[in-house]
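Asker: What follows is the file protein_38.cif, containing mmCIF, C-alpha atoms:
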```
data_work
loop_
_atom_site.label_atom_id
_atom_site.label_comp_id
_atom_site.auth_asym_id
_atom_site.auth_seq_id
_atom_site.Cartn_x
_atom_site.Cartn_y
_atom_site.Cartn_z
CA MET A 1149 0.00 0.00 0.00
CA GLY A 1150 1.22 3.51 -0.82
CA GLN A 1151 1.33 6.53 1.45
CA THR A 1152 -1.86 7.23 3.42
CA TYR A 1153 -3.34 9.93 5.64
CA GLU A 1154 -4.90 8.87 8.95
CA LEU A 1155 -8.29 10.55 9.23
CA HIS A 1156 -10.24 10.78 12.48
CA VAL A 1157 -13.88 11.72 11.83
CA ALA A 1158 -17.23 11.04 13.54
CA GLY A 1159 -15.53 8.77 16.09
CA LEU A 1160 -13.96 6.59 13.40
CA VAL A 1161 -10.48 6.23 11.90
CA ARG A 1162 -9.83 5.73 8.19
CA HIS A 1163 -6.57 5.57 6.22
CA LEU A 1164 -6.97 7.59 3.03
CA PRO A 1165 -4.70 7.01 0.02
CA ILE A 1166 -2.60 10.00 -1.04
CA CYS A 1167 -3.21 10.86 -4.72
CA LYS A 1168 -1.09 13.25 -6.78
CA ILE A 1169 -3.22 15.86 -8.60
CA SER A 1170 -0.36 18.06 -9.87
CA GLU A 1171 3.44 18.27 -9.72
CA ASP A 1172 3.33 20.13 -6.40
CA MET A 1173 0.09 18.97 -4.78
CA SER A 1174 -1.52 15.76 -3.61
CA ILE A 1175 -4.79 15.07 -1.85
CA ALA A 1176 -5.95 12.41 0.57
CA ALA A 1177 -8.76 10.67 -1.30
CA PHE A 1178 -11.92 10.48 0.80
CA ILE A 1179 -14.45 8.03 -0.63
CA MET A 1180 -17.59 7.13 1.32
CA PHE A 1181 -18.94 4.71 -1.31
CA GLY A 1182 -19.38 1.31 0.30
CA ASP A 1183 -18.39 2.43 3.81
CA VAL A 1184 -21.78 2.15 5.50
CA GLU A 1185 -20.38 2.57 9.03
CA LEU A 1186 -18.67 5.83 8.07
CA THR A 1187 -21.68 7.14 6.16
CA ILE A 1188 -24.07 6.52 9.06
CA ALA A 1189 -21.70 8.04 11.64
CA CYS A 1190 -20.95 11.14 9.54
CA ALA A 1191 -24.64 11.70 8.75
CA GLU A 1192 -25.53 11.53 12.43
CA ALA A 1193 -22.69 13.87 13.42
CA LEU A 1194 -23.55 16.43 10.72
CA LEU A 1195 -27.25 16.39 11.57
CA ALA A 1196 -26.32 17.25 15.16
CA LYS A 1197 -24.46 20.36 13.94
CA VAL A 1198 -26.79 21.89 11.34
CA PRO A 1199 -29.83 24.13 11.86
CA ALA A 1200 -33.41 23.13 11.03
CA PHE A 1201 -34.00 22.48 7.33
CA ASP A 1202 -36.71 21.19 5.00
CA VAL A 1203 -34.74 19.58 2.18
CA ILE A 1204 -31.18 18.54 1.34
CA VAL A 1205 -29.52 19.40 -1.98
CA THR A 1206 -26.34 17.56 -3.01
CA ALA A 1207 -24.26 17.07 -6.13
CA GLU A 1208 -24.02 13.76 -7.93
CA ALA A 1209 -22.30 11.42 -7.13
CA LYS A 1210 -19.87 11.05 -4.21
CA ALA A 1211 -22.08 12.81 -1.65
CA ILE A 1212 -25.28 10.94 -2.53
CA PRO A 1213 -24.78 8.20 0.10
CA LEU A 1214 -24.28 10.89 2.76
CA ALA A 1215 -27.30 12.92 1.63
CA TYR A 1216 -29.42 9.77 1.49
CA GLU A 1217 -28.41 8.76 5.02
CA MET A 1218 -28.99 12.28 6.36
CA SER A 1219 -32.39 12.18 4.65
CA ARG A 1220 -33.18 8.78 6.13
CA GLN A 1221 -32.17 9.82 9.64
CA SER A 1222 -33.97 13.19 9.51
CA GLY A 1223 -37.01 12.13 7.50
CA LYS A 1224 -36.40 15.03 5.08
CA LYS A 1225 -36.27 14.74 1.29
CA TYR A 1226 -33.01 15.04 -0.61
CA ILE A 1227 -32.52 16.20 -4.18
CA PRO A 1228 -29.37 15.37 -6.14
CA ALA A 1229 -28.13 17.82 -8.76
CA ARG A 1230 -27.25 15.46 -11.63
CA LYS A 1231 -23.99 15.64 -13.61
CA GLY A 1232 -25.82 15.99 -16.88
CA LYS A 1233 -29.25 16.35 -18.41
CA LYS A 1234 -31.24 13.11 -18.20
CA LEU A 1235 -33.91 11.98 -20.64
CA TYR A 1236 -36.69 12.41 -18.07
CA MET A 1237 -35.79 16.10 -17.57
CA GLU A 1238 -38.16 18.28 -19.58
CA ASP A 1239 -36.95 21.69 -18.34
CA PRO A 1240 -33.60 21.30 -16.55
CA VAL A 1241 -31.63 24.13 -14.97
CA VAL A 1242 -27.94 23.68 -15.76
CA ILE A 1243 -24.94 25.19 -13.94
CA GLU A 1244 -21.27 24.71 -14.94
CA VAL A 1245 -18.76 23.66 -12.25
CA GLN A 1246 -15.01 23.02 -11.97
CA SER A 1247 -13.90 20.69 -9.19
CA ILE A 1248 -10.39 20.04 -7.86
CA THR A 1249 -10.84 16.29 -8.33
CA THR A 1250 -12.14 16.46 -11.92
CA GLU A 1251 -10.03 17.40 -14.94
CA SER A 1252 -12.71 19.09 -17.04
CA ARG A 1253 -15.65 21.37 -16.34
CA GLN A 1254 -18.85 19.58 -15.47
CA SER A 1255 -22.52 20.47 -15.51
CA LEU A 1256 -24.89 20.14 -12.59
CA CYS A 1257 -28.55 19.84 -13.56
CA ILE A 1258 -31.80 19.89 -11.65
CA ASP A 1259 -35.17 19.25 -13.22
CA ARG A 1260 -37.86 21.95 -12.99
CA PRO A 1261 -40.21 19.91 -10.70
CA ASP A 1262 -37.35 19.46 -8.21
CA LEU A 1263 -36.47 23.14 -8.45
CA ASP A 1264 -40.13 24.06 -7.92
CA TYR A 1265 -40.19 21.78 -4.86
CA LEU A 1266 -37.46 23.94 -3.32
CA ASN A 1267 -39.59 27.11 -3.46
CA GLY A 1268 -40.08 28.51 0.02
CA LYS A 1269 -38.06 25.72 1.64
CA ARG A 1270 -35.06 25.87 3.99
CA VAL A 1271 -32.26 24.12 2.10
CA LEU A 1272 -29.26 22.32 3.53
CA ILE A 1273 -26.50 21.90 0.94
CA VAL A 1274 -24.48 18.74 1.58
CA ASP A 1275 -21.18 17.54 0.10
CA ASP A 1276 -18.62 14.96 1.11
CA VAL A 1277 -15.62 17.31 0.85
CA ILE A 1278 -15.47 21.06 0.30
CA SER A 1279 -12.15 22.17 -1.17
CA THR A 1280 -12.14 25.01 -3.69
CA GLY A 1281 -15.87 25.52 -3.24
CA GLY A 1282 -16.66 25.10 -6.95
CA SER A 1283 -19.30 22.42 -6.48
CA LEU A 1284 -20.72 24.34 -3.52
CA GLN A 1285 -21.06 27.50 -5.64
CA ALA A 1286 -22.80 25.54 -8.38
CA MET A 1287 -25.30 24.07 -5.89
CA GLU A 1288 -25.88 27.55 -4.44
CA ALA A 1289 -26.50 28.88 -7.97
CA ILE A 1290 -29.04 26.13 -8.63
CA VAL A 1291 -30.87 26.80 -5.35
CA ALA A 1292 -30.85 30.53 -6.17
CA LYS A 1293 -33.06 29.75 -9.19
CA SER A 1294 -35.84 29.02 -6.66
CA THR A 1295 -37.27 31.01 -3.75
CA ALA A 1296 -35.59 28.67 -1.24
CA THR A 1297 -33.32 29.88 1.53
CA ILE A 1298 -30.00 28.17 2.12
CA VAL A 1299 -29.76 27.65 5.89
CA ALA A 1300 -26.39 25.87 5.93
CA ARG A 1301 -23.65 24.29 3.87
CA ALA A 1302 -22.33 21.05 5.35
CA ALA A 1303 -19.61 18.56 4.51
CA VAL A 1304 -17.78 15.76 6.22
CA LEU A 1305 -14.41 17.34 5.42
CA ALA A 1306 -13.07 20.82 4.63
CA GLU A 1307 -9.93 20.47 2.55
CA GLY A 1308 -7.04 22.93 2.60
CA GLY A 1309 -8.11 26.57 2.98
CA ALA A 1310 -11.79 25.61 3.13
CA ALA A 1311 -11.21 24.67 6.78
CA ASP A 1312 -10.83 28.41 7.51
CA ARG A 1313 -14.25 29.26 6.07
CA LYS A 1314 -16.89 30.36 8.57
CA ASP A 1315 -19.85 29.72 6.23
CA ILE A 1316 -19.58 25.92 6.19
CA THR A 1317 -20.22 23.26 8.80
CA PHE A 1318 -17.82 20.32 8.68
CA LEU A 1319 -16.66 17.47 10.88
CA ALA A 1320 -12.90 17.53 10.27
CA PRO A 1321 -10.23 19.40 8.30
CA LEU A 1322 -8.30 17.60 5.58
CA PRO A 1323 -4.90 19.11 4.82
CA LEU A 1324 -3.59 19.31 1.27
CA GLN A 1325 -0.38 17.35 0.82
CA GLY A 1326 2.77 18.81 -0.77
CA GLY A 1327 4.34 17.08 -3.79
#
```
Now, as a test, write the supplied structure out as structure tokens.

Answerer:
Amino acid sequence: MGQTYELHVAGLVRHLPICKISEDMSIAAFIMFGDVELTIACAEALLAKVPAFDVIVTAEAKAIPLAYEMSRQSGKKYIPARKGKKLYMEDPVVIEVQSITTESRQSLCIDRPDLDYLNGKRVLIVDDVISTGGSLQAMEAIVAKSTATIVARAAVLAEGGAADRKDITFLAPLPLQGG
């Protein structure tokens, strides 16, 4: 096994693989897919930290297990912003996003009925990791197309400088790695 970062979050310990993303920067890869214990614990810990909300909005795909579990535990609906227009979408709202973990720009889409559902609601935006804030900004832009109010932005981890932000709720910082 290569180099790892020991993460302590929601009462659990995980060893994250270090992945090079450029000549001078690496990240510790945090993947919740398949880790049911971690997903349940992080959902519970985040729900204890966020204000009252009516609906969760998340971006496809890595944060969907977290949003689902937070939805299950709270009894509140969650709406994923999809990575592209789907055939069932008759009137999608599309926002462009650039993420630190993705090479090219991506689209986030939400169908008009889901956007209409947000009207007048208190929205909790959820992500697995907030780093540059690109995905977060895209989700905020999508929610802004409705009359909803964003009550909080929550993530399991805040990577690099995001850990200094006062407008996000997170469970643990995740340092960027040199080289």

Asker: Using only C-alpha atoms, which of the listed residues (A:Leu1319, A:Met1287, A:Val1271, A:Ile1204) sits closest to Arg1230 of chain A?

Answerer: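 The closest residue to Arg1230 of chain A is A:Met1287.
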
Asker: Starting from the PyMOL selection byres ((chain A and resi 1171-1173) around 10), expand the selection into actual residues of this file and give them as an NGL selection string.

Answerer: :A and (1167-1170 or 1174-1175 or 1324-1327)

Asker: Selected residues, C-alpha atoms, written as an mmCIF file, in the coordinates of the input, please.

Answerer:
```
data_model
loop_
_atom_site.group_PDB
_atom_site.id
_atom_site.type_symbol
_atom_site.label_atom_id
_atom_site.label_comp_id
_atom_site.auth_asym_id
_atom_site.auth_seq_id
_atom_site.Cartn_x
_atom_site.Cartn_y
_atom_site.Cartn_z
ATOM 1 C CA CYS A 1167 -3.210 10.860 -4.720
ATOM 2 C CA LYS A 1168 -1.090 13.250 -6.780
ATOM 3 C CA ILE A 1169 -3.220 15.860 -8.600
ATOM 4 C CA SER A 1170 -0.360 18.060 -9.870
ATOM 5 C CA SER A 1174 -1.520 15.760 -3.610
ATOM 6 C CA ILE A 1175 -4.790 15.070 -1.850
ATOM 7 C CA LEU A 1324 -3.590 19.310 1.270
ATOM 8 C CA GLN A 1325 -0.380 17.350 0.820
ATOM 9 C CA GLY A 1326 2.770 18.810 -0.770
ATOM 10 C CA GLY A 1327 4.340 17.080 -3.790
#
```

Asker: Quote the spacing between atom CA of Thr1206 of chain A and atom CA of Gly1308 of chain A in Å to one decimal place.

Answerer: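 Atom-to-atom, atom CA of Thr1206 of chain A to atom CA of Gly1308 of chain A, that is 20.8 Å.
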
Asker: Given the PyMOL selection byres ((chain A and resi 1265) around 12) and the file above, list the residues it selects as a PyMOL selection string.

Answerer: chain A and resi 1202-1205+1225-1227+1258-1264+1266-1271+1291+1293-1296

Asker: Name the residues captured by the PyMOL selection byres ((chain A and resi 1160) around 10) when it is applied to the shown file; answer as a ChimeraX atom specification.

Answerer: /A:1155-1159,1161-1162,1185-1186,1189-1190

Asker: Using only C-alpha atoms, give me every residue within 10 Å of (-23.5, 26.1, -1.5) in file coordinates, as a list in words.

Answerer: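 Applying the cut-off with only C-alpha atoms, one gets Val1205, Thr1206, Val1271, Leu1272, Ile1273, Val1274, Asp1275, Ile1278, Gly1281, Gly1282, Ser1283, Leu1284, Gln1285, Ala1286, Met1287, Glu1288, Ala1289, Ile1290, Val1291, Ala1292, Ile1298, Val1299, Ala1300, Arg1301, Ala1302, Asp1315 and Ile1316 of chain A.
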
Asker: So how far away is atom CA of Ala1176 of chain A from atom CA of Pro1323 of chain A, in Å?

Answerer: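 Taking atom CA of Pro1323 of chain A and atom CA of Ala1176 of chain A, their separation equals 8.0 Å.
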
Asker: Just how far from atom CA of Ala1229 of chain A is atom CA of Cys1257 of chain A, in Å to one decimal?

Answerer: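 Between atom CA of Cys1257 of chain A and atom CA of Ala1229 of chain A the gap works out to 5.2 Å.
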
Asker: Rank nothing, just name the residue among A:Ala1306, A:Leu1214, A:Ala1207, A:Val1277 nearest to Val1184 of chain A, using all atoms listed in the file.

Answerer: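 Answer, going by the shortest atom-to-atom distance: A:Leu1214.
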
Asker: Smallest atom-to-atom distance to Tyr1153 of chain A: which of A:Lys1234, A:Thr1297, A:Gly1223, A:Leu1322, using only C-alpha atoms?

Answerer: A:Leu1322

Asker: May I have the residues within 6 Å of Pro1321 of chain A as JSON, numbers by chain, using all atoms listed in the file and disregarding those fewer than 2 positions away in the same chain?

Answerer: {"A": [1305, 1306, 1307, 1311]}

Asker: Go through A:Ile1166, A:Val1241, A:Val1304, A:Ala1200 one by one, measure the shortest atom-to-atom distance of each to Ser1255 of chain A using only C-alpha atoms, and give the residue with the smallest value.

Answerer: A:Val1241

Asker: Can you sort out segment 1151-1162 of chain A so it carries all heavy atoms, written as an mmCIF file, in the coordinates of the input?

Answerer:
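Ended up saving to selection-v9.cif:
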```
data_model
loop_
_atom_site.group_PDB
_atom_site.id
_atom_site.type_symbol
_atom_site.label_atom_id
_atom_site.label_comp_id
_atom_site.auth_asym_id
_atom_site.auth_seq_id
_atom_site.Cartn_x
_atom_site.Cartn_y
_atom_site.Cartn_z
ATOM 1 N N GLN A 1151 1.442 5.590 0.336
ATOM 2 C CA GLN A 1151 1.330 6.530 1.450
ATOM 3 C C GLN A 1151 -0.151 6.819 1.736
ATOM 4 O O GLN A 1151 -0.969 6.929 0.817
ATOM 5 C CB GLN A 1151 2.061 7.827 1.094
ATOM 6 C CG GLN A 1151 2.108 8.821 2.213
ATOM 7 C CD GLN A 1151 2.826 10.096 1.800
ATOM 8 O OE1 GLN A 1151 3.155 10.314 0.650
ATOM 9 N NE2 GLN A 1151 3.055 10.957 2.784
ATOM 10 N N THR A 1152 -0.490 6.937 3.026
ATOM 11 C CA THR A 1152 -1.860 7.230 3.420
ATOM 12 C C THR A 1152 -1.894 8.360 4.452
ATOM 13 O O THR A 1152 -0.884 8.692 5.067
ATOM 14 C CB THR A 1152 -2.562 5.987 4.037
ATOM 15 O OG1 THR A 1152 -1.864 5.596 5.223
ATOM 16 C CG2 THR A 1152 -2.628 4.839 3.050
ATOM 17 N N TYR A 1153 -3.084 8.913 4.620
ATOM 18 C CA TYR A 1153 -3.340 9.930 5.640
ATOM 19 C C TYR A 1153 -4.323 9.334 6.632
ATOM 20 O O TYR A 1153 -5.365 8.799 6.236
ATOM 21 C CB TYR A 1153 -3.931 11.192 4.991
ATOM 22 C CG TYR A 1153 -4.374 12.219 5.996
ATOM 23 C CD1 TYR A 1153 -3.448 13.049 6.622
ATOM 24 C CD2 TYR A 1153 -5.719 12.356 6.334
ATOM 25 C CE1 TYR A 1153 -3.857 13.991 7.552
ATOM 26 C CE2 TYR A 1153 -6.132 13.296 7.268
ATOM 27 C CZ TYR A 1153 -5.190 14.104 7.872
ATOM 28 O OH TYR A 1153 -5.603 15.035 8.803
ATOM 29 N N GLU A 1154 -4.007 9.405 7.922
ATOM 30 C CA GLU A 1154 -4.900 8.870 8.950
ATOM 31 C C GLU A 1154 -5.937 9.926 9.306
ATOM 32 O O GLU A 1154 -5.603 10.959 9.874
ATOM 33 C CB GLU A 1154 -4.111 8.446 10.183
ATOM 34 C CG GLU A 1154 -4.998 7.755 11.215
ATOM 35 C CD GLU A 1154 -4.214 7.168 12.371
ATOM 36 O OE1 GLU A 1154 -3.620 6.091 12.180
ATOM 37 O OE2 GLU A 1154 -4.178 7.828 13.436
ATOM 38 N N LEU A 1155 -7.184 9.647 8.985
ATOM 39 C CA LEU A 1155 -8.290 10.550 9.230
ATOM 40 C C LEU A 1155 -9.094 10.088 10.432
ATOM 41 O O LEU A 1155 -9.466 8.917 10.520
ATOM 42 C CB LEU A 1155 -9.209 10.604 7.998
ATOM 43 C CG LEU A 1155 -10.503 11.408 8.157
ATOM 44 C CD1 LEU A 1155 -10.200 12.896 8.268
ATOM 45 C CD2 LEU A 1155 -11.446 11.124 6.997
ATOM 46 N N HIS A 1156 -9.363 11.015 11.342
ATOM 47 C CA HIS A 1156 -10.240 10.780 12.480
ATOM 48 C C HIS A 1156 -11.490 11.629 12.258
ATOM 49 O O HIS A 1156 -11.410 12.860 12.254
ATOM 50 C CB HIS A 1156 -9.552 11.180 13.795
ATOM 51 C CG HIS A 1156 -8.336 10.361 14.079
ATOM 52 N ND1 HIS A 1156 -8.335 9.324 14.969
ATOM 53 C CD2 HIS A 1156 -7.080 10.414 13.566
ATOM 54 C CE1 HIS A 1156 -7.135 8.774 15.015
ATOM 55 N NE2 HIS A 1156 -6.352 9.419 14.158
ATOM 56 N N VAL A 1157 -12.642 10.982 12.083
ATOM 57 C CA VAL A 1157 -13.880 11.720 11.830
ATOM 58 C C VAL A 1157 -15.063 10.927 12.380
ATOM 59 O O VAL A 1157 -15.123 9.701 12.239
ATOM 60 C CB VAL A 1157 -14.051 12.033 10.319
ATOM 61 C CG1 VAL A 1157 -14.209 10.777 9.489
ATOM 62 C CG2 VAL A 1157 -15.193 12.992 10.080
ATOM 63 N N ALA A 1158 -15.985 11.623 13.012
ATOM 64 C CA ALA A 1158 -17.230 11.040 13.540
ATOM 65 C C ALA A 1158 -16.958 9.808 14.416
ATOM 66 O O ALA A 1158 -17.691 8.830 14.375
ATOM 67 C CB ALA A 1158 -18.186 10.700 12.403
ATOM 68 N N GLY A 1159 -15.870 9.862 15.191
ATOM 69 C CA GLY A 1159 -15.530 8.770 16.090
ATOM 70 C C GLY A 1159 -14.884 7.574 15.422
ATOM 71 O O GLY A 1159 -14.688 6.543 16.062
ATOM 72 N N LEU A 1160 -14.564 7.690 14.153
ATOM 73 C CA LEU A 1160 -13.960 6.590 13.400
ATOM 74 C C LEU A 1160 -12.596 6.993 12.859
ATOM 75 O O LEU A 1160 -12.274 8.170 12.760
ATOM 76 C CB LEU A 1160 -14.872 6.197 12.229
ATOM 77 C CG LEU A 1160 -16.288 5.751 12.610
ATOM 78 C CD1 LEU A 1160 -17.134 5.572 11.363
ATOM 79 C CD2 LEU A 1160 -16.255 4.477 13.433
ATOM 80 N N VAL A 1161 -11.795 6.006 12.498
ATOM 81 C CA VAL A 1161 -10.480 6.230 11.900
ATOM 82 C C VAL A 1161 -10.464 5.555 10.534
ATOM 83 O O VAL A 1161 -10.896 4.405 10.392
ATOM 84 C CB VAL A 1161 -9.349 5.655 12.778
ATOM 85 C CG1 VAL A 1161 -7.989 5.832 12.102
ATOM 86 C CG2 VAL A 1161 -9.353 6.318 14.155
ATOM 87 N N ARG A 1162 -9.994 6.291 9.530
ATOM 88 C CA ARG A 1162 -9.830 5.730 8.190
ATOM 89 C C ARG A 1162 -8.450 6.144 7.674
ATOM 90 O O ARG A 1162 -7.949 7.216 8.009
ATOM 91 C CB ARG A 1162 -10.906 6.243 7.230
ATOM 92 C CG ARG A 1162 -12.319 5.793 7.586
ATOM 93 C CD ARG A 1162 -12.460 4.284 7.480
ATOM 94 N NE ARG A 1162 -13.814 3.805 7.681
ATOM 95 C CZ ARG A 1162 -14.307 3.386 8.828
ATOM 96 N NH1 ARG A 1162 -13.582 3.419 9.927
ATOM 97 N NH2 ARG A 1162 -15.553 2.937 8.908
#
```
